[in-house]
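One structure is given here, and the rest of the page talks about it.
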Amino acid sequence: MVTAQERKVGIISCSGEGCVEGTISRVATRLVLGKLRPNETVTICLPLFLAGGKEEREFARDYPTITVDGCDKACAKIATGRYSGNPASSIVVTDLTKNWLCPQLSSRRKLNDETLTVAGKVAERIAEEVDVVLRRWV
Amino acid sequence: MSEYLRTVFDKFELLVRKGFYYTEDDLWVNIENDGVRVGVSDYLQRTSGDLAFMELPNPSSIVEKGKEFGTIESAKATVELLSPVSGKIAETNDKLAGKPELVNSDPYGEGWLVVIIPRNLEDDRRSLLSAEDYYKRMLEKLQSEHGKLESR
Amino acid sequence: MKMKATSQEKVVVIPCSGIGKAFGSISRDAVYEVTENLRKDTTQTLCLALLVSGDEESLQLVRNSKCITVDGCPLQCAQKNVSLAGGNLAGSLRVVDAYKDNRQLKPKSVTFLDSDGQQMALAIAEKVAEKVDDLLGEH
């Protein structure tokens, strides 16, 4: 039986290089991992997961996961479903930002202050989902 | 039956090879016919990060128990290696010069560091830990762990 | 005399972008430095995950272009994934090898690169740029 201490949620982020939303996805995930929910989350390295990383795939199979994708191509969600089982929750950054009053987002390489604020909001959204997933886990 | 004691920390599986001895500083020691083979534990390689440099003694060098005999280095940390026994270096793993990542990928196998011919193994062995005792120490360290371990 | 690259030919440079290590972040930044600055007319990048999710456009691109992967660590996930996708792998570099040439740099930060991380990214970006020139016959 998994104890309360062992309850962790795996966060799988796309980190897509092609667009700023990929960078936002990455930064937001790191904020959750390092600041917002450090004791409740583990990050799954997507490239390692895709390449067959045993620990990544086994964790995603045995623990609930939340995927964070930059765009609706949803690579992290697809890969997780394919190799370990459907995620407990999925977040797509472009789905969130279209409903927010967002400033002009910065380049994909260096996030300006406004875009960092957006990343912070995405991180809070992920953290809320972590709480929901953990509450559902009996 | 598995040849390892295992635990899972976050998503990482940490292994302790049964039948080996260990030091408090996370080195393993395997007593062989001609000497003792020494390497770093899975826990140490994981917490050290991707190793890029090693300073290891040449064969015939004299080492003293508890004293530094070499270092392993990553961008994250430089770790001093303290000799588990006193004696003479018989062999150094020369594969590590070109492939230091072997210590990360196979710490109990191809990633061994040195073979030492001990001067007084019976005395030095008394301060070594059994695999089971080292496993308990490792769990204690993990419980007081701060921060996250990196992917292997 | 070596032929210069055609205007259409671009080398595809793909980082691992591993999220767990500083070296993963460095691989990402190095590729941006190449594709947005050093060789912005002769290179492009794409999302590694698109290859595995089966995005047809991305698969065709890596199969029909020369590809260079930039991996953070010896696990070489970008190289493996591009190979598995049938990509035309023309070169692969590892950030850990750039570290071996720049031992004084100790990048620590993962989320946002610190000064040492930025310097290491520039160092490996230069090596990637040289490899791009080599592949396009521009030396």
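As shown in the structure tokens, the chain order sets the letters A, B, ...; within each chain, residues go from 1, and ligands are also counted from 1 in the order they appear.
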Please identify all residues of chain B having at least one atom at most 8 Å from any atom of chain A, considering only C-alpha atoms, and return them as a PDB file with C-alpha atoms, in the first residue's frame.
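What ended up in iface.pdb:
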ATOM      1  CA  ASP B  10      11.352   9.739  -6.056  1.00  0.00           C
ATOM      2  CA  LYS B  11      11.542   7.947  -9.384  1.00  0.00           C
ATOM      3  CA  PHE B  12      15.045   6.580  -8.845  1.00  0.00           C
ATOM      4  CA  GLU B  13      15.884   3.035  -7.922  1.00  0.00           C
ATOM      5  CA  SER B 151      18.136  11.460 -13.662  1.00  0.00           C
TER       6      SER B 151
END
Query - Interface list for chain C, partner chain B, 8 Å threshold, only C-alpha atoms, as an NGL selection string - result: :C and (20-21 or 73-74 or 96-97 or 99-100 or 103 or 105-108)
Write to file, as a compact mmCIF listing (two decimals), in the first residue's frame, the residues of the selection just made, with N, CA and C atoms.
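What follows is the written file result28.txt:
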# COMPACT_ATOMS: atom_id res chain seq x y z
N GLY C 20 15.67 17.64 -16.25
CA GLY C 20 16.16 17.32 -14.91
C GLY C 20 17.56 17.82 -14.59
N LYS C 21 18.29 18.27 -15.60
CA LYS C 21 19.70 18.61 -15.39
C LYS C 21 20.03 19.95 -16.05
N CYS C 73 23.71 14.78 -21.74
CA CYS C 73 24.48 13.81 -20.98
C CYS C 73 24.74 12.55 -21.79
N PRO C 74 25.49 11.61 -21.26
CA PRO C 74 25.81 10.40 -22.01
C PRO C 74 24.61 9.51 -22.34
N VAL C 96 28.22 17.34 -21.97
CA VAL C 96 29.20 16.87 -20.98
C VAL C 96 30.61 16.90 -21.58
N ASP C 97 30.74 16.74 -22.88
CA ASP C 97 32.06 16.82 -23.50
C ASP C 97 32.55 18.27 -23.57
N TYR C 99 31.86 20.34 -21.30
CA TYR C 99 32.30 20.56 -19.91
C TYR C 99 33.74 20.08 -19.73
N LYS C 100 34.09 18.98 -20.37
CA LYS C 100 35.46 18.46 -20.25
C LYS C 100 36.48 19.46 -20.80
N ARG C 103 36.51 22.99 -17.87
CA ARG C 103 36.37 22.42 -16.53
C ARG C 103 36.06 23.47 -15.47
N LEU C 105 33.98 25.78 -15.59
CA LEU C 105 32.56 26.15 -15.57
C LEU C 105 31.77 25.13 -14.76
N LYS C 106 30.97 25.62 -13.83
CA LYS C 106 30.20 24.73 -12.97
C LYS C 106 28.73 25.17 -13.01
N PRO C 107 28.04 24.90 -14.10
CA PRO C 107 26.64 25.32 -14.17
C PRO C 107 25.80 24.57 -13.15
N LYS C 108 24.99 25.31 -12.41
CA LYS C 108 24.19 24.66 -11.37
C LYS C 108 22.70 24.77 -11.67
Report task. Kindly provide, as a PyMOL selection string, the residues of chain A having any atom no farther than 6 Å from an atom of chain C, counting only C-alpha atoms. Result -> chain A and resi 16-18+45+47-48+51+75
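Between CA of Glu91 in chain B and CA of Ser61 in chain B the separation is 9.8 Å.
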Requested in this report: Can you check which residues of chain B DSSP gives as alpha helix (DSSP H) on the backbone and send them as a PyMOL selection string?
Outcome: chain B and resi 42-48+101-105+121-125+131-143
Generate the output file for the selected residues, N, CA and C atoms, as a compact mmCIF listing (two decimals), in the first residue's frame.
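Full text of out.txt as output:
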# COMPACT_ATOMS: atom_id res chain seq x y z
N ASP B 42 25.99 3.06 -5.80
CA ASP B 42 24.95 3.64 -6.65
C ASP B 42 24.49 4.97 -6.07
N TYR B 43 24.35 5.04 -4.77
CA TYR B 43 23.92 6.27 -4.11
C TYR B 43 24.92 7.40 -4.39
N LEU B 44 26.21 7.10 -4.30
CA LEU B 44 27.20 8.15 -4.51
C LEU B 44 27.23 8.61 -5.96
N GLN B 45 27.14 7.66 -6.90
CA GLN B 45 27.18 8.10 -8.30
C GLN B 45 25.94 8.93 -8.63
N ARG B 46 24.83 8.58 -8.03
CA ARG B 46 23.59 9.32 -8.32
C ARG B 46 23.66 10.73 -7.77
N THR B 47 24.16 10.87 -6.57
CA THR B 47 24.19 12.20 -5.96
C THR B 47 25.32 13.06 -6.52
N SER B 48 26.30 12.44 -7.17
CA SER B 48 27.42 13.21 -7.72
C SER B 48 27.11 13.82 -9.07
N GLU B 101 31.72 8.02 -17.67
CA GLU B 101 30.29 7.76 -17.45
C GLU B 101 30.02 6.31 -17.04
N LEU B 102 31.02 5.45 -17.20
CA LEU B 102 30.85 4.06 -16.76
C LEU B 102 30.57 3.99 -15.25
N VAL B 103 31.10 4.94 -14.51
CA VAL B 103 30.85 4.94 -13.07
C VAL B 103 29.38 5.22 -12.80
N ASN B 104 28.79 6.07 -13.65
CA ASN B 104 27.36 6.35 -13.48
C ASN B 104 26.50 5.19 -13.97
N SER B 105 26.87 4.63 -15.12
CA SER B 105 25.98 3.65 -15.73
C SER B 105 26.13 2.25 -15.12
N LEU B 121 44.34 -6.70 5.86
CA LEU B 121 42.92 -6.70 5.54
C LEU B 121 42.06 -7.00 6.77
N GLU B 122 42.52 -7.92 7.61
CA GLU B 122 41.70 -8.32 8.76
C GLU B 122 41.43 -7.14 9.68
N ASP B 123 42.44 -6.31 9.90
CA ASP B 123 42.25 -5.12 10.72
C ASP B 123 41.33 -4.12 10.02
N ASP B 124 41.62 -3.84 8.76
CA ASP B 124 40.86 -2.81 8.03
C ASP B 124 39.41 -3.22 7.82
N ARG B 125 39.18 -4.51 7.71
CA ARG B 125 37.81 -4.98 7.43
C ARG B 125 36.85 -4.67 8.58
N ALA B 131 26.63 -5.05 3.52
CA ALA B 131 25.66 -4.46 2.58
C ALA B 131 24.38 -4.06 3.32
N GLU B 132 23.94 -4.90 4.25
CA GLU B 132 22.69 -4.63 4.96
C GLU B 132 22.83 -3.39 5.83
N ASP B 133 23.96 -3.25 6.50
CA ASP B 133 24.17 -2.07 7.35
C ASP B 133 24.31 -0.82 6.49
N TYR B 134 25.02 -0.94 5.37
CA TYR B 134 25.16 0.23 4.50
C TYR B 134 23.80 0.63 3.93
N TYR B 135 22.99 -0.34 3.61
CA TYR B 135 21.65 -0.07 3.08
C TYR B 135 20.86 0.77 4.09
N LYS B 136 20.93 0.41 5.37
CA LYS B 136 20.22 1.17 6.42
C LYS B 136 20.77 2.59 6.49
N ARG B 137 22.10 2.73 6.40
CA ARG B 137 22.69 4.08 6.45
C ARG B 137 22.21 4.91 5.26
N MET B 138 22.14 4.27 4.11
CA MET B 138 21.72 4.96 2.91
C MET B 138 20.28 5.46 3.07
N LEU B 139 19.42 4.62 3.64
CA LEU B 139 18.04 5.04 3.85
C LEU B 139 17.97 6.24 4.78
N GLU B 140 18.82 6.24 5.79
CA GLU B 140 18.86 7.39 6.72
C GLU B 140 19.28 8.65 5.98
N LYS B 141 20.27 8.53 5.12
CA LYS B 141 20.72 9.70 4.35
C LYS B 141 19.60 10.19 3.44
N LEU B 142 18.89 9.27 2.83
CA LEU B 142 17.82 9.66 1.91
C LEU B 142 16.71 10.40 2.64
N GLN B 143 16.42 9.96 3.86
CA GLN B 143 15.35 10.60 4.60
C GLN B 143 15.69 12.03 4.97
